[in-house]
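The next block is data_27.csv, given as CSV, C-alpha atoms and all ligand atoms.
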chain,number,residue,atom,x,y,z
R,121,MET,CA,27.4,53.9,6.7
R,122,PHE,CA,26.1,50.4,6.0
R,123,LYS,CA,27.7,47.0,5.6
R,124,ALA,CA,27.5,45.0,2.4
R,125,ILE,CA,29.1,42.1,0.5
R,126,VAL,CA,30.7,43.7,-2.5
R,127,ILE,CA,31.9,41.8,-5.5
R,128,GLU,CA,34.7,43.3,-7.6
R,129,LYS,CA,36.4,42.2,-10.7
R,130,ASP,CA,39.6,43.8,-12.1
R,131,ASP,CA,43.1,43.0,-13.2
R,132,THR,CA,43.9,41.5,-9.9
R,133,GLY,CA,41.0,39.0,-10.1
R,134,TYR,CA,37.4,38.3,-8.9
R,135,ARG,CA,36.7,38.7,-5.2
R,136,ALA,CA,33.9,39.2,-2.7
R,137,ALA,CA,34.4,40.9,0.6
R,138,ILE,CA,32.4,42.8,3.3
R,139,GLN,CA,32.7,46.6,2.9
R,140,GLN,CA,31.4,49.7,4.7
R,141,LEU,CA,29.5,51.9,2.2
R,142,ASP,CA,27.7,55.2,2.5
R,143,ASP,CA,24.3,56.0,1.2
R,144,SER,CA,25.7,58.0,-1.8
R,145,ARG,CA,26.8,54.6,-3.2
R,146,LEU,CA,23.3,53.2,-3.4
R,147,PRO,CA,21.9,52.8,-6.9
R,148,GLU,CA,18.9,54.6,-8.3
R,149,GLY,CA,15.4,53.6,-7.3
R,150,GLU,CA,12.3,54.9,-5.6
R,151,VAL,CA,12.4,52.9,-2.4
R,152,THR,CA,15.2,52.6,0.1
R,153,VAL,CA,14.9,49.5,2.3
R,154,ARG,CA,16.6,48.7,5.6
R,155,VAL,CA,17.3,45.0,4.9
R,156,SER,CA,16.8,42.7,7.9
R,157,HIS,CA,17.4,39.3,6.1
R,158,SER,CA,18.5,37.9,2.8
R,159,THR,CA,19.3,34.4,1.7
R,160,LEU,CA,21.9,32.3,-0.2
R,161,ASN,CA,20.5,30.7,-3.3
R,162,TYR,CA,22.4,28.7,-5.9
R,163,LYS,CA,22.6,31.9,-8.1
R,164,ASP,CA,24.1,33.8,-5.1
R,165,GLY,CA,26.7,31.1,-4.8
R,166,LEU,CA,27.6,31.5,-8.5
R,167,ALA,CA,27.8,35.3,-8.0
R,168,ILE,CA,29.9,35.3,-4.9
R,169,THR,CA,32.4,32.7,-6.1
R,170,GLY,CA,32.5,33.9,-9.7
R,171,LYS,CA,31.9,30.3,-10.9
R,172,GLY,CA,29.1,31.4,-13.2
R,173,PRO,CA,28.5,34.5,-15.3
R,174,VAL,CA,25.7,35.9,-13.0
R,175,VAL,CA,27.0,39.3,-12.2
R,176,ARG,CA,26.5,41.7,-15.1
R,177,LYS,CA,28.4,44.7,-13.8
R,178,PHE,CA,31.0,45.6,-11.1
R,179,PRO,CA,31.2,46.5,-8.3
R,180,MET,CA,28.0,44.4,-7.4
R,181,VAL,CA,26.3,43.7,-4.2
R,182,PRO,CA,24.9,40.1,-4.5
R,183,GLY,CA,21.7,38.8,-3.1
R,184,ILE,CA,18.7,38.0,-5.3
R,185,ASP,CA,16.3,38.0,-2.3
R,186,LEU,CA,15.7,40.5,0.5
R,187,VAL,CA,13.2,41.4,3.2
R,188,GLY,CA,13.1,44.6,5.2
R,189,VAL,CA,11.4,47.8,6.1
R,190,VAL,CA,11.0,50.8,3.9
R,191,GLU,CA,13.2,53.7,5.1
R,192,ALA,CA,12.4,56.2,2.5
R,193,SER,CA,10.1,56.2,-0.5
R,194,ASP,CA,9.3,58.3,-3.6
R,195,SER,CA,6.5,56.0,-4.5
R,196,PRO,CA,2.9,56.4,-3.5
R,197,ASP,CA,2.7,52.6,-3.1
R,198,TYR,CA,5.1,52.4,-0.2
R,199,GLN,CA,5.5,54.4,3.0
R,200,PRO,CA,8.3,54.4,5.6
R,201,GLY,CA,7.8,51.5,7.9
R,202,ASP,CA,6.2,49.1,5.4
R,203,ALA,CA,7.5,45.6,5.5
R,204,VAL,CA,8.5,44.5,2.0
R,205,LEU,CA,10.0,41.5,0.1
R,206,LEU,CA,11.9,41.2,-3.1
R,207,ASN,CA,12.8,38.2,-5.3
R,208,GLY,CA,14.7,38.4,-8.6
R,209,TRP,CA,14.2,41.1,-11.2
R,210,GLY,CA,17.9,40.9,-11.8
R,211,VAL,CA,18.7,42.3,-8.4
R,212,GLY,CA,22.0,40.9,-7.2
R,213,GLU,CA,23.0,40.4,-10.9
R,214,GLY,CA,22.6,43.8,-12.6
R,215,HIS,CA,21.3,46.0,-9.7
R,216,TRP,CA,22.7,46.0,-6.2
R,217,GLY,CA,21.1,43.2,-4.1
R,218,GLY,CA,20.1,42.0,-0.7
R,219,LEU,CA,23.3,40.9,1.0
R,220,ALA,CA,23.7,44.4,2.5
R,221,GLN,CA,22.1,46.4,5.3
R,222,LYS,CA,20.5,48.8,2.8
R,223,ALA,CA,19.1,48.5,-0.7
R,224,ARG,CA,17.5,51.0,-3.1
R,225,LEU,CA,15.0,49.4,-5.5
R,226,LYS,CA,12.3,50.1,-8.0
R,227,ALA,CA,8.9,50.2,-6.3
R,228,GLU,CA,7.4,47.8,-8.9
R,229,TRP,CA,9.8,45.1,-7.9
R,230,LEU,CA,8.6,45.0,-4.3
R,231,VAL,CA,5.9,42.8,-2.8
R,232,PRO,CA,4.3,43.5,0.6
R,233,LEU,CA,5.6,41.0,3.1
R,234,PRO,CA,2.7,38.5,3.5
R,235,SER,CA,1.3,38.7,7.1
R,236,ALA,CA,1.6,34.9,7.4
R,237,PHE,CA,5.4,35.1,7.5
R,238,THR,CA,8.0,36.7,9.7
R,239,PRO,CA,10.8,38.3,7.8
R,240,ALA,CA,13.1,35.3,8.6
R,241,GLN,CA,10.4,32.8,7.4
R,242,ALA,CA,9.9,34.7,4.2
R,243,MET,CA,13.6,34.4,3.5
R,244,SER,CA,13.7,30.8,4.5
R,245,ILE,CA,11.3,30.4,1.6
R,246,GLY,CA,13.1,32.9,-0.6
R,247,THR,CA,13.6,32.6,-4.4
R,248,ALA,CA,14.1,28.8,-4.1
R,249,GLY,CA,10.7,28.4,-2.3
R,250,TYR,CA,8.8,30.8,-4.4
R,251,THR,CA,10.2,28.9,-7.5
R,252,ALA,CA,9.1,25.6,-6.0
R,253,MET,CA,5.6,27.2,-5.7
R,254,LEU,CA,5.7,28.3,-9.3
R,255,CYS,CA,6.5,24.7,-10.3
R,256,VAL,CA,3.6,23.4,-8.3
R,257,MET,CA,1.3,26.0,-9.7
R,258,ALA,CA,2.4,24.9,-13.2
R,259,LEU,CA,1.7,21.3,-12.5
R,260,GLU,CA,-1.8,22.3,-11.3
R,261,ARG,CA,-2.4,24.6,-14.3
R,262,HIS,CA,-1.6,21.6,-16.6
R,263,GLY,CA,-4.1,19.4,-14.8
R,264,VAL,CA,-1.9,17.2,-12.6
R,265,LYS,CA,-3.9,16.0,-9.6
R,266,PRO,CA,-2.8,14.1,-6.5
R,267,SER,CA,-4.7,11.0,-7.8
R,268,ASP,CA,-2.7,10.9,-11.0
R,269,GLY,CA,0.4,9.3,-9.4
R,270,GLU,CA,3.9,10.1,-8.2
R,271,ILE,CA,5.7,13.4,-8.6
R,272,VAL,CA,9.5,13.1,-8.8
R,273,VAL,CA,11.5,16.0,-7.2
R,274,THR,CA,15.2,16.2,-8.1
R,275,GLY,CA,17.9,18.0,-6.1
R,276,ALA,CA,15.6,17.2,-3.3
R,277,ALA,CA,17.8,18.1,-0.4
R,278,GLY,CA,18.5,21.6,-1.9
R,279,GLY,CA,16.4,24.7,-1.5
R,280,VAL,CA,13.9,24.3,-4.4
R,281,GLY,CA,13.6,20.6,-3.8
R,282,SER,CA,13.0,20.8,0.0
R,283,VAL,CA,10.2,23.4,-0.4
R,284,ALA,CA,8.7,21.5,-3.3
R,285,LEU,CA,8.5,18.3,-1.3
R,286,ALA,CA,6.9,20.2,1.7
R,287,LEU,CA,4.3,21.9,-0.6
R,288,LEU,CA,3.4,18.8,-2.7
R,289,SER,CA,2.9,16.6,0.4
R,290,LYS,CA,0.7,19.2,2.1
R,291,LEU,CA,-1.4,19.3,-1.2
R,292,GLY,CA,-1.8,15.5,-1.1
R,293,TYR,CA,0.6,14.4,-3.8
R,294,THR,CA,2.8,11.3,-3.5
R,295,THR,CA,6.4,12.4,-4.0
R,296,VAL,CA,9.7,10.6,-4.8
R,297,ALA,CA,12.8,12.5,-3.8
R,298,VAL,CA,16.0,12.2,-5.9
R,299,THR,CA,19.2,13.1,-4.1
R,300,GLY,CA,22.9,12.6,-4.0
R,301,ARG,CA,22.7,12.5,-0.3
R,302,PRO,CA,21.1,9.2,0.8
R,303,ALA,CA,22.2,10.0,4.4
R,304,ASP,CA,19.5,12.7,4.3
R,305,ALA,CA,16.7,10.2,3.6
R,306,ASP,CA,15.1,10.8,7.0
R,307,TYR,CA,15.1,14.6,6.4
R,308,LEU,CA,13.5,14.1,3.0
R,309,LYS,CA,10.8,11.7,4.4
R,310,SER,CA,10.1,14.2,7.1
R,311,LEU,CA,9.3,16.7,4.4
R,312,GLY,CA,6.9,14.3,2.8
R,313,ALA,CA,8.8,12.1,0.4
R,314,SER,CA,7.4,8.6,0.2
R,315,GLU,CA,10.5,7.2,-1.4
R,316,VAL,CA,14.1,8.4,-1.8
R,317,MET,CA,16.1,7.5,-4.9
R,318,ASP,CA,19.8,7.9,-5.7
R,319,ARG,CA,20.5,10.6,-8.2
R,320,ALA,CA,23.1,8.3,-9.9
R,321,ASP,CA,20.1,6.3,-11.2
R,322,PHE,CA,19.1,9.4,-13.3
R,323,SER,CA,22.4,11.1,-14.3
R,324,GLN,CA,23.6,8.7,-17.0
R,325,PRO,CA,22.5,8.7,-20.7
R,326,GLY,CA,19.2,6.7,-20.9
R,327,LYS,CA,16.8,5.5,-23.5
R,328,PRO,CA,14.5,7.8,-25.5
R,329,LEU,CA,11.5,6.2,-23.7
R,330,ALA,CA,11.6,4.3,-20.5
R,331,ARG,CA,8.9,2.6,-18.3
R,332,GLU,CA,6.2,5.2,-17.6
R,333,ARG,CA,6.3,6.2,-14.0
R,334,TRP,CA,5.9,9.9,-13.2
R,335,ALA,CA,2.6,11.9,-13.3
R,336,GLY,CA,4.7,15.0,-12.8
R,337,ALA,CA,8.1,16.3,-12.0
R,338,VAL,CA,10.0,19.2,-10.4
R,339,ASP,CA,13.5,19.2,-11.9
R,340,VAL,CA,16.3,21.5,-10.7
R,341,VAL,CA,19.1,19.4,-12.3
R,342,GLY,CA,18.7,19.5,-16.1
R,343,SER,CA,21.0,17.5,-18.4
R,344,HIS,CA,20.6,13.7,-18.5
R,345,THR,CA,18.5,13.8,-15.3
R,346,LEU,CA,15.8,15.9,-17.1
R,347,ALA,CA,16.0,13.9,-20.2
R,348,ASN,CA,15.6,10.6,-18.2
R,349,ILE,CA,12.6,12.1,-16.3
R,350,CYS,CA,10.9,13.1,-19.5
R,351,ALA,CA,11.5,9.6,-20.9
R,352,SER,CA,9.9,8.0,-17.9
R,353,THR,CA,6.9,10.4,-17.5
R,354,ARG,CA,3.5,8.9,-18.0
R,355,TYR,CA,1.2,9.6,-20.8
R,356,ARG,CA,0.2,13.3,-20.7
R,357,GLY,CA,2.3,13.9,-17.6
R,358,VAL,CA,3.9,17.2,-16.9
R,359,VAL,CA,7.6,18.0,-16.2
R,360,THR,CA,8.6,21.4,-14.8
R,361,ALA,CA,12.2,22.4,-15.4
R,362,CYS,CA,13.7,25.2,-13.3
R,363,GLY,CA,17.3,24.5,-12.8
R,364,LEU,CA,20.7,23.5,-14.1
R,365,ALA,CA,22.5,22.1,-11.0
R,366,GLY,CA,23.6,19.1,-13.1
R,367,GLY,CA,24.2,20.9,-16.4
R,368,MET,CA,22.7,23.4,-18.8
R,369,ASP,CA,22.4,20.8,-21.6
R,370,LEU,CA,19.3,18.7,-22.5
R,371,PRO,CA,20.4,15.6,-24.3
R,372,ALA,CA,16.9,14.4,-25.0
R,373,THR,CA,14.7,13.1,-27.9
R,374,VAL,CA,11.2,14.3,-28.8
R,375,ALA,CA,9.9,10.8,-28.2
R,376,PRO,CA,8.2,11.6,-24.8
R,377,PHE,CA,6.5,14.7,-26.3
R,378,ILE,CA,5.2,13.2,-29.6
R,379,LEU,CA,4.4,9.6,-28.4
R,380,ARG,CA,3.2,10.2,-24.9
R,381,GLY,CA,2.0,13.8,-25.0
R,382,VAL,CA,4.3,14.8,-22.2
R,383,THR,CA,4.5,18.5,-21.4
R,384,LEU,CA,7.8,20.2,-20.5
R,385,VAL,CA,7.1,23.5,-18.7
R,386,GLY,CA,9.9,26.1,-18.2
R,387,ILE,CA,9.9,28.0,-14.9
R,388,ASP,CA,11.4,31.4,-14.5
R,389,SER,CA,11.2,33.3,-11.2
R,390,VAL,CA,13.3,36.3,-12.2
R,391,MET,CA,11.0,38.1,-14.6
R,392,CYS,CA,7.8,36.3,-13.6
R,393,PRO,CA,4.9,38.8,-13.9
R,394,ARG,CA,3.8,40.6,-10.7
R,395,GLU,CA,0.3,39.0,-10.6
R,396,GLU,CA,1.8,35.5,-10.6
R,397,ARG,CA,4.3,36.4,-7.9
R,398,LEU,CA,1.6,37.7,-5.7
R,399,GLU,CA,-0.4,34.5,-6.3
R,400,ALA,CA,2.7,32.4,-5.6
R,401,TRP,CA,3.2,34.2,-2.2
R,402,ARG,CA,-0.5,33.9,-1.4
R,403,ARG,CA,-0.4,30.1,-2.1
R,404,LEU,CA,2.8,29.8,0.0
R,405,ALA,CA,0.9,31.4,2.9
R,406,GLN,CA,-1.9,28.9,2.3
R,407,ASP,CA,-0.2,25.7,1.3
R,408,LEU,CA,3.2,25.6,3.1
R,409,ASP,CA,3.4,23.9,6.5
R,410,ILE,CA,5.4,26.7,8.3
R,411,SER,CA,6.5,24.2,11.0
R,412,LYS,CA,8.6,22.5,8.3
R,413,LEU,CA,10.6,25.7,7.6
R,414,ASP,CA,12.6,25.2,10.8
R,415,ALA,CA,13.9,21.8,9.6
R,416,ILE,CA,14.5,23.2,6.1
R,417,SER,CA,16.5,26.3,7.0
R,418,ARG,CA,19.3,27.7,9.1
R,419,GLU,CA,20.4,31.2,9.8
R,420,ILE,CA,23.9,32.6,9.3
R,421,SER,CA,25.6,36.1,9.5
R,422,LEU,CA,26.6,38.2,6.5
R,423,GLU,CA,30.2,37.3,7.2
R,424,GLU,CA,29.5,33.6,7.0
R,425,ALA,CA,27.8,34.0,3.6
R,426,ILE,CA,31.0,34.3,1.7
R,427,PRO,CA,32.6,31.0,2.7
R,428,LEU,CA,29.3,29.2,2.6
R,429,ALA,CA,28.7,30.2,-1.1
R,430,GLY,CA,31.4,27.7,-2.3
R,431,GLN,CA,30.0,24.9,-0.2
R,432,LEU,CA,26.5,25.5,-1.5
R,433,LEU,CA,27.7,25.1,-5.1
R,434,GLN,CA,29.3,21.8,-4.1
R,435,GLY,CA,25.9,20.5,-2.9
R,436,GLN,CA,27.1,20.5,0.7
R,437,VAL,CA,24.3,22.8,2.0
R,438,ARG,CA,21.0,21.2,3.0
R,439,GLY,CA,17.7,23.1,2.5
R,440,ARG,CA,17.7,26.9,2.8
R,441,VAL,CA,20.1,29.4,4.2
R,442,VAL,CA,18.8,32.7,5.7
R,443,VAL,CA,21.3,35.5,6.1
R,444,ARG,CA,20.6,37.6,9.1
R,445,ILE,CA,21.5,41.2,8.3
R,446,GLY,CA,19.7,43.8,10.4
W,1,LIG,P1,20.6,24.3,-4.0
W,1,LIG,O1,22.1,24.3,-4.1
W,1,LIG,O2,20.0,24.6,-2.7
W,1,LIG,O3,20.1,22.9,-4.4
W,1,LIG,C1,20.6,22.2,-5.6
W,1,LIG,C2,20.5,20.7,-5.4
W,1,LIG,O4,20.8,20.1,-6.6
W,1,LIG,C3,21.7,20.3,-4.4
W,1,LIG,O5,21.3,20.4,-3.1
W,1,LIG,C4,21.8,18.8,-4.9
W,1,LIG,O6,20.7,18.1,-4.2
W,1,LIG,C5,21.5,18.9,-6.3
W,1,LIG,N1,22.7,18.9,-7.1
W,1,LIG,C6,23.8,19.7,-7.0
W,1,LIG,N2,24.7,19.5,-7.9
W,1,LIG,C7,24.3,18.4,-8.6
W,1,LIG,C8,24.8,17.7,-9.7
W,1,LIG,N3,26.0,18.0,-10.2
W,1,LIG,N4,24.0,16.7,-10.3
W,1,LIG,C9,22.8,16.5,-9.8
W,1,LIG,N5,22.3,17.1,-8.7
W,1,LIG,C10,23.0,18.1,-8.2
W,1,LIG,O7,20.1,25.3,-5.1
W,1,LIG,P2,18.6,25.8,-5.3
W,1,LIG,O8,17.6,24.9,-4.8
W,1,LIG,O9,18.6,27.2,-4.8
W,1,LIG,O10,18.5,25.9,-6.9
W,1,LIG,C11,18.4,24.7,-7.6
W,1,LIG,C12,18.5,25.0,-9.1
W,1,LIG,O11,17.4,25.7,-9.5
W,1,LIG,C13,19.8,25.8,-9.5
W,1,LIG,O12,20.2,25.3,-10.7
W,1,LIG,C14,19.2,27.2,-9.6
W,1,LIG,O13,20.0,28.0,-10.5
W,1,LIG,C15,17.8,26.9,-10.2
W,1,LIG,N6,16.9,27.9,-9.8
W,1,LIG,C16,16.2,28.5,-10.9
W,1,LIG,C17,15.2,29.4,-10.7
W,1,LIG,C18,14.4,29.9,-11.9
W,1,LIG,O14,13.9,31.0,-11.8
W,1,LIG,N7,14.4,29.1,-12.9
W,1,LIG,C19,15.0,30.0,-9.4
W,1,LIG,C20,15.7,29.3,-8.3
W,1,LIG,C21,16.6,28.3,-8.6
W,1,LIG,P3,20.9,16.6,-3.6
W,1,LIG,O15,22.1,16.7,-2.7
W,1,LIG,O16,19.6,16.3,-3.0
W,1,LIG,O17,21.2,15.8,-4.8
Go through the file and emit its structure as structure tokens.
Amino acid sequence: MFKAIVIEKDDTGYRAAIQQLDDSRLPEGEVTVRVSHSTLNYKDGLAITGKGPVVRKFPMVPGIDLVGVVEASDSPDYQPGDAVLLNGWGVGEGHWGGLAQKARLKAEWLVPLPSAFTPAQAMSIGTAGYTAMLCVMALERHGVKPSDGEIVVTGAAGGVGSVALALLSKLGYTTVAVTGRPADADYLKSLGASEVMDRADFSQPGKPLARERWAGAVDVVGSHTLANICASTRYRGVVTACGLAGGMDLPATVAPFILRGVTLVGIDSVMCPREERLEAWRRLAQDLDISKLDAISREISLEEAIPLAGQLLQGQVRGRVVVRIG
């Protein structure tokens, strides 16, 4: 038997609870993993609470991230005892996920746990941190250099934002953190932010073009915030968009793109090709100051994950949450 969070939806409603399951309930897959840690991302919050249409079939075990040790494998690529990591691929949405003591997965979804990280450290990075890395890699790919000017990071006290600040500052960029939690200014500065701005300055409808300020951006908020950032990005600057914490809409004009040559880059971590994932984890091992992970993350039990999911969606959870499972 193994323990898991199970989400069910039926005539009596939508609910998430801890259940004891046996191995016969595990889905199809080549590799069975004894999970030691998972995480709580924004998407897991949506899945557990049912506040967003994340779960595609029921019953579902949530958890878009996991790390653990291979218990059994039908794949030549993995042997029992191998330490592995998984982010995305629809796991925790359409295939049973990481908020369980066991998971059965496709071999091609797995990544060997980088030797630079303990299992808990890898989960304190998790999908949020790996997505932050994808954003930074996109800024680099589009030619943004530290000497070009300031990089604005929204949702800065959240998971993606916190890791983005830590990465960018280690790489020598000047960062400006945008947050709804001014009380966390010292935390954001400790991650490398040179200035902290109130998210209210970004969340109202703005002009098609504003004073040019940002050389680049990492945006997790969307909606007016993303539109205002595009409007105030410098000539040929680059905006990476990965989230919708403030809304799915984009009430913008084409002015920044056609008059200032601004590039808007979409970032998706879920179906990101394997080569780019491996590169992102290699870069995380190289460019993330591991000592900052302690400040960014906290550890909770599987039982605590259900109540914390609602708080996370309300923006009350700072940084990253590691769920200790094994
Ligand atoms: P968190 O909940 O950890 O962080 C989100 C942060 O956004 C909050 O901490 C808060 O930061 C800010 N925020 C929350 N609500 C609002 C609001 N109404 N208006 C403006 N800001 C708000 O989530 P994650 O960091 O895990 O994820 C952030 C976003 O990125 C989510 O939308 C998520 O779905 C998306 N995402 C997308 C991925 C992809 O592949 N494209 C992968 C990972 C995440 P503060 O208090 O500092 O203002």
Next on the checklist: Distance limit 6 Å, reference ligand LIG 1 (chain W), atoms considered: all atoms listed in the file. Which residues make the cut? Give them as JSON, numbers by chain.
Outcome noted: {"R": [161, 162, 163, 247, 248, 251, 275, 276, 277, 278, 279, 280, 281, 299, 300, 301, 340, 341, 362, 363, 364, 365, 366, 387, 388, 389, 390, 432, 433, 435, 439]}
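One finds atom CA of R:Asp194 at 26.2 Å from atom CA of R:Phe178.
Atom CA of R:Gly212 lies 18.6 Å from atom CA of R:Ile420.
If you measure from each of R:Ala240, R:Ala330, R:Ala124, R:Leu287 to R:Asp409 using all atoms listed in the file, the closest one turns out to be R:Leu287.
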Report as a PDB file with C-alpha atoms, in the frame of the given file all protein, DNA and RNA residues lying within 9 Å of R:Ile426, evaluated on only C-alpha atoms, omitting residues in the same chain fewer than 2 positions from it.
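Generated file (result_14.pdb):
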ATOM      1  CA  ILE R 125      29.100  42.100   0.500  1.00  0.00           C
ATOM      2  CA  ALA R 136      33.900  39.200  -2.700  1.00  0.00           C
ATOM      3  CA  ALA R 137      34.400  40.900   0.600  1.00  0.00           C
ATOM      4  CA  ILE R 138      32.400  42.800   3.300  1.00  0.00           C
ATOM      5  CA  GLY R 165      26.700  31.100  -4.800  1.00  0.00           C
ATOM      6  CA  ILE R 168      29.900  35.300  -4.900  1.00  0.00           C
ATOM      7  CA  THR R 169      32.400  32.700  -6.100  1.00  0.00           C
ATOM      8  CA  LEU R 422      26.600  38.200   6.500  1.00  0.00           C
ATOM      9  CA  GLU R 423      30.200  37.300   7.200  1.00  0.00           C
ATOM     10  CA  GLU R 424      29.500  33.600   7.000  1.00  0.00           C
ATOM     11  CA  LEU R 428      29.300  29.200   2.600  1.00  0.00           C
ATOM     12  CA  ALA R 429      28.700  30.200  -1.100  1.00  0.00           C
ATOM     13  CA  GLY R 430      31.400  27.700  -2.300  1.00  0.00           C
TER      14      GLY R 430
END
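The list of residues with at least one atom within 10 Å of stretch 316-319 of chain R, based on only C-alpha atoms and without residues fewer than 5 positions apart in the same chain, reads Val272, Val273, Thr274, Gly275, Ala276, Thr295, Val296, Ala297, Val298, Thr299, Gly300, Arg301, Pro302, Asp304, Ala305, Asp306, Leu308, Lys309, Gln324, Val341 and Thr345 of chain R.
Across R:Asp339, R:Asp131, R:Glu332, R:Asp202, the tightest approach to R:Pro234 is made by R:Asp202 when counting only C-alpha atoms.
Across the model, the gap from atom CA of R:Leu225 to atom CA of R:Gly149 is 4.6 Å.
Excluding R:Gly214 itself and same-chain residues fewer than 3 positions from it, the residues having an atom within 8 Å of it are R:Val175, R:Arg176, R:Lys177, R:Met180, R:Gly210, R:Val211, counting all atoms listed in the file.
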Checklist entry - Residues at most 8 Å from R:Asp185, counting all atoms listed in the file, excluding those fewer than 4 positions away in the same chain, as an NGL selection string? => result :R and (158-159 or 205-208 or 211 or 217-218 or 243 or 246-247)
Checklist entry - Which residue out of R:Gly357, R:Gly133, R:Gly446, R:Gly386 has the minimum interatomic distance to R:Gly263 when all atoms listed in the file are used? => result R:Gly357
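If you measure from each of R:Ala400, R:Val153, R:Ala242, R:Ala258 to R:Tyr198 using all atoms listed in the file, the closest one turns out to be R:Val153.
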Next on the checklist: Restricting the calculation to all atoms listed in the file: of R:Pro393, R:Met253, R:Gly172, R:Ser421, which residue gets closest to R:Met368?
Outcome noted: R:Gly172
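Closest to R:Arg440 among R:Met121, R:Val283, R:Ala405, R:Leu346 is R:Val283, based on only C-alpha atoms.
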Item to check | Residues within 6 Å of (31.5, 45.0, 7.8), counting all atoms listed in the file, listed as a ChimeraX atom specification | outcome: /R:123,138-140
Selected residues written out, C-alpha atoms, as a PDB file, in the frame of the given file:
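Saved to out-v4.pdb:
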ATOM      1  CA  LYS R 123      27.700  47.000   5.600  1.00  0.00           C
ATOM      2  CA  ILE R 138      32.400  42.800   3.300  1.00  0.00           C
ATOM      3  CA  GLN R 139      32.700  46.600   2.900  1.00  0.00           C
ATOM      4  CA  GLN R 140      31.400  49.700   4.700  1.00  0.00           C
TER       5      GLN R 140
END
Would you compute, for all listed atoms of stretch 171-174 of chain R, the axis-aligned bounding box grown by 4 Å on each side, and then report its centre and edge lengths in Å rounded to one decimal, as lines of an AutoDock Vina configuration file?
center_x = 28.8
center_y = 33.1
center_z = -13.1
size_x = 14.2
size_y = 13.6
size_z = 12.4
